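Q: One structure is given below, represented as structure tokens, and several questions about it will come after.
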Amino acid sequence: MSNLPLAAGQGPRETRAVRKLQSQGVHHITIVGANRQTSIDFWEGVLGMPFVFEQPNLDNESESHLYFDPGDGRLITVFTNEDRTPDPTRTSIDIGAVHHVAFALSQATFRQAVERLDERGIRHSGLKDRGFMDSIYFEDPLGLLIELASYRFEPPRGHTHTDVLLAAHELRVERGDYNIDEAHLADAIELLAAQSRSLSDDRSPKNPYS
């Protein structure tokens, strides 16, 4: 049973239809940090996230609350306290804990990632083939596992990466394949692109060279 207090005026639940609390994207992720400078040096100095503002933690006056832009206008925030020192011990991966946090890189930057991590002496996983994307893993100075991820595809106009992945998943299941790979992605993109308007009556594949 949660120990969270009921909001003012909140009484026993009425009997009514259950409705969703529909999300519309990640608003922010907040991490418990050590001291202020360690957070700035990592999130901005390593991952290039602009440090956009800072204020006290409004629920704990002993902490500062740092805000960083991960590149999409949303937020990564960090609670810091100058009495805390960095501990690189791997953070918990028990049930309910965060396993890792992933950030998107362009292919141009991703191809430089190993070299740039090596320049700092940061231990990492090396390149990992995930079928629909490429990944590299390493730990932040506090032991949180970070993933650098780069899609291998761009969605057709009017669609998102998740639209392509959903269609690719359905093709993978239909074909009995183990995981999504580039063939599923290419076919999914073709299927989604075929939903666009065309003056042609027949949009099936052709061979004009025969």
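Within each chain, counting starts at residue 1; across the structure tokens, chains are named A, B, ... in the order shown, with ligands numbered 1 upward in that order.
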What are the nearest atom pairs, with distances in Å to one decimal, for all residues of segment 82-138 of chain A that come at most 12 Å from segment 44-56 of chain A, using only C-alpha atoms, set out by chain and rising residue number as JSON lines?
A:
{"residue": "A:Ala102", "atom": "CA", "partner": "A:Leu47", "partner_atom": "CA", "distance": 11.5}
{"residue": "A:Phe103", "atom": "CA", "partner": "A:Leu47", "partner_atom": "CA", "distance": 9.1}
{"residue": "A:Ala104", "atom": "CA", "partner": "A:Leu47", "partner_atom": "CA", "distance": 10.7}
{"residue": "A:Leu105", "atom": "CA", "partner": "A:Leu47", "partner_atom": "CA", "distance": 10.0}
{"residue": "A:Thr109", "atom": "CA", "partner": "A:Leu47", "partner_atom": "CA", "distance": 11.0}
{"residue": "A:Phe110", "atom": "CA", "partner": "A:Leu47", "partner_atom": "CA", "distance": 11.8}
{"residue": "A:Ala113", "atom": "CA", "partner": "A:Leu47", "partner_atom": "CA", "distance": 10.4}
{"residue": "A:Arg116", "atom": "CA", "partner": "A:Val46", "partner_atom": "CA", "distance": 9.2}
{"residue": "A:Leu117", "atom": "CA", "partner": "A:Val46", "partner_atom": "CA", "distance": 8.8}
{"residue": "A:Glu119", "atom": "CA", "partner": "A:Val46", "partner_atom": "CA", "distance": 11.1}
{"residue": "A:Arg120", "atom": "CA", "partner": "A:Val46", "partner_atom": "CA", "distance": 9.2}
{"residue": "A:Ile122", "atom": "CA", "partner": "A:Val46", "partner_atom": "CA", "distance": 10.5}
{"residue": "A:Phe138", "atom": "CA", "partner": "A:Val46", "partner_atom": "CA", "distance": 11.9}
Q: For those residues, write N, CA, C and O atoms to a file as a PDB file, in the first residue's frame.
A:
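So selection38.pdb came out as:
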ATOM      1  N   ALA A 102      19.195   5.617 -22.041  1.00  0.00           N
ATOM      2  CA  ALA A 102      19.744   5.666 -23.395  1.00  0.00           C
ATOM      3  C   ALA A 102      19.521   7.035 -24.025  1.00  0.00           C
ATOM      4  O   ALA A 102      18.457   7.640 -23.857  1.00  0.00           O
ATOM      5  N   PHE A 103      20.518   7.505 -24.763  1.00  0.00           N
ATOM      6  CA  PHE A 103      20.433   8.784 -25.454  1.00  0.00           C
ATOM      7  C   PHE A 103      20.722   8.589 -26.934  1.00  0.00           C
ATOM      8  O   PHE A 103      21.586   7.797 -27.320  1.00  0.00           O
ATOM      9  N   ALA A 104      19.997   9.333 -27.766  1.00  0.00           N
ATOM     10  CA  ALA A 104      20.112   9.211 -29.215  1.00  0.00           C
ATOM     11  C   ALA A 104      21.307   9.995 -29.738  1.00  0.00           C
ATOM     12  O   ALA A 104      21.529  11.142 -29.342  1.00  0.00           O
ATOM     13  N   LEU A 105      22.052   9.380 -30.639  1.00  0.00           N
ATOM     14  CA  LEU A 105      23.145  10.027 -31.348  1.00  0.00           C
ATOM     15  C   LEU A 105      22.913   9.914 -32.847  1.00  0.00           C
ATOM     16  O   LEU A 105      22.348   8.917 -33.322  1.00  0.00           O
ATOM     17  N   THR A 109      27.990  11.195 -35.227  1.00  0.00           N
ATOM     18  CA  THR A 109      28.572  11.247 -33.886  1.00  0.00           C
ATOM     19  C   THR A 109      28.830   9.848 -33.346  1.00  0.00           C
ATOM     20  O   THR A 109      29.857   9.592 -32.706  1.00  0.00           O
ATOM     21  N   PHE A 110      27.893   8.916 -33.607  1.00  0.00           N
ATOM     22  CA  PHE A 110      28.045   7.560 -33.093  1.00  0.00           C
ATOM     23  C   PHE A 110      29.339   6.924 -33.592  1.00  0.00           C
ATOM     24  O   PHE A 110      30.024   6.222 -32.852  1.00  0.00           O
ATOM     25  N   ALA A 113      32.111   7.773 -31.398  1.00  0.00           N
ATOM     26  CA  ALA A 113      31.907   7.578 -29.961  1.00  0.00           C
ATOM     27  C   ALA A 113      33.023   6.765 -29.308  1.00  0.00           C
ATOM     28  O   ALA A 113      33.513   7.124 -28.227  1.00  0.00           O
ATOM     29  N   ARG A 116      36.131   8.868 -28.904  1.00  0.00           N
ATOM     30  CA  ARG A 116      35.993   9.954 -27.938  1.00  0.00           C
ATOM     31  C   ARG A 116      35.872   9.441 -26.504  1.00  0.00           C
ATOM     32  O   ARG A 116      36.303  10.121 -25.572  1.00  0.00           O
ATOM     33  N   LEU A 117      35.307   8.257 -26.328  1.00  0.00           N
ATOM     34  CA  LEU A 117      35.326   7.642 -24.998  1.00  0.00           C
ATOM     35  C   LEU A 117      36.742   7.208 -24.635  1.00  0.00           C
ATOM     36  O   LEU A 117      37.194   7.397 -23.507  1.00  0.00           O
ATOM     37  N   GLU A 119      39.490   8.529 -25.616  1.00  0.00           N
ATOM     38  CA  GLU A 119      40.298   9.709 -25.311  1.00  0.00           C
ATOM     39  C   GLU A 119      40.262  10.050 -23.825  1.00  0.00           C
ATOM     40  O   GLU A 119      41.233  10.570 -23.279  1.00  0.00           O
ATOM     41  N   ARG A 120      39.129   9.767 -23.187  1.00  0.00           N
ATOM     42  CA  ARG A 120      38.964  10.061 -21.763  1.00  0.00           C
ATOM     43  C   ARG A 120      39.308   8.873 -20.873  1.00  0.00           C
ATOM     44  O   ARG A 120      39.214   8.963 -19.652  1.00  0.00           O
ATOM     45  N   ILE A 122      37.511   6.182 -20.699  1.00  0.00           N
ATOM     46  CA  ILE A 122      36.256   5.640 -20.179  1.00  0.00           C
ATOM     47  C   ILE A 122      36.052   4.219 -20.706  1.00  0.00           C
ATOM     48  O   ILE A 122      36.027   4.000 -21.925  1.00  0.00           O
ATOM     49  N   PHE A 138      28.370   2.466 -21.330  1.00  0.00           N
ATOM     50  CA  PHE A 138      29.412   2.799 -20.362  1.00  0.00           C
ATOM     51  C   PHE A 138      28.737   3.370 -19.121  1.00  0.00           C
ATOM     52  O   PHE A 138      27.542   3.681 -19.141  1.00  0.00           O
TER      53      PHE A 138
END
Q: Might you pull out every residue within 12 Å of Asp181 of chain A, with only C-alpha atoms counted and same-chain residues fewer than 4 positions away left off, and present them as a compact mmCIF listing (two decimals) with C-alpha atoms, in the first residue's frame?
A:
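Result file follows (result22.txt):
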# COMPACT_ATOMS: atom_id res chain seq x y z
CA ASP A 129 24.58 -4.75 -32.96
CA ARG A 130 20.92 -4.40 -31.95
CA GLY A 131 19.48 -5.13 -35.39
CA PHE A 132 17.46 -1.93 -35.71
CA MET A 133 20.06 0.29 -34.02
CA ASP A 134 23.68 0.39 -32.87
CA TYR A 151 18.95 4.19 -35.29
CA ARG A 152 19.89 2.52 -38.57
CA PHE A 153 16.89 4.00 -40.36
CA VAL A 164 8.43 1.72 -38.24
CA LEU A 165 9.35 -0.50 -35.29
CA ALA A 168 8.79 -4.25 -38.40
CA HIS A 169 7.79 -6.21 -35.29
CA LEU A 171 6.73 -8.60 -40.01
CA ARG A 172 9.25 -10.31 -37.72
CA VAL A 173 6.52 -12.26 -35.93
CA ARG A 175 8.11 -14.55 -40.55
CA ASP A 177 12.38 -14.42 -37.03
CA LEU A 185 12.94 -2.27 -41.25
CA ALA A 186 13.24 -1.80 -45.01
CA ASP A 187 10.00 -3.69 -45.67
CA ALA A 188 8.21 -1.80 -42.88
Q: Where does DSSP see strand (DSSP E or B) in segment 73-181 of chain A, if you list the residues as a PyMOL selection string?
A: chain A and resi 75-80+101-104+128-129+133-139+145-151
Q: Do a neighbour search on Gly126 of chain A at 7 Å with only C-alpha atoms, toss out local chain neighbours closer than 2 positions, and write the hits as a list in words.
A: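 Near neighbours after the sequence-gap exclusion: Val114, His124, Lys128 and Ile136 of chain A.
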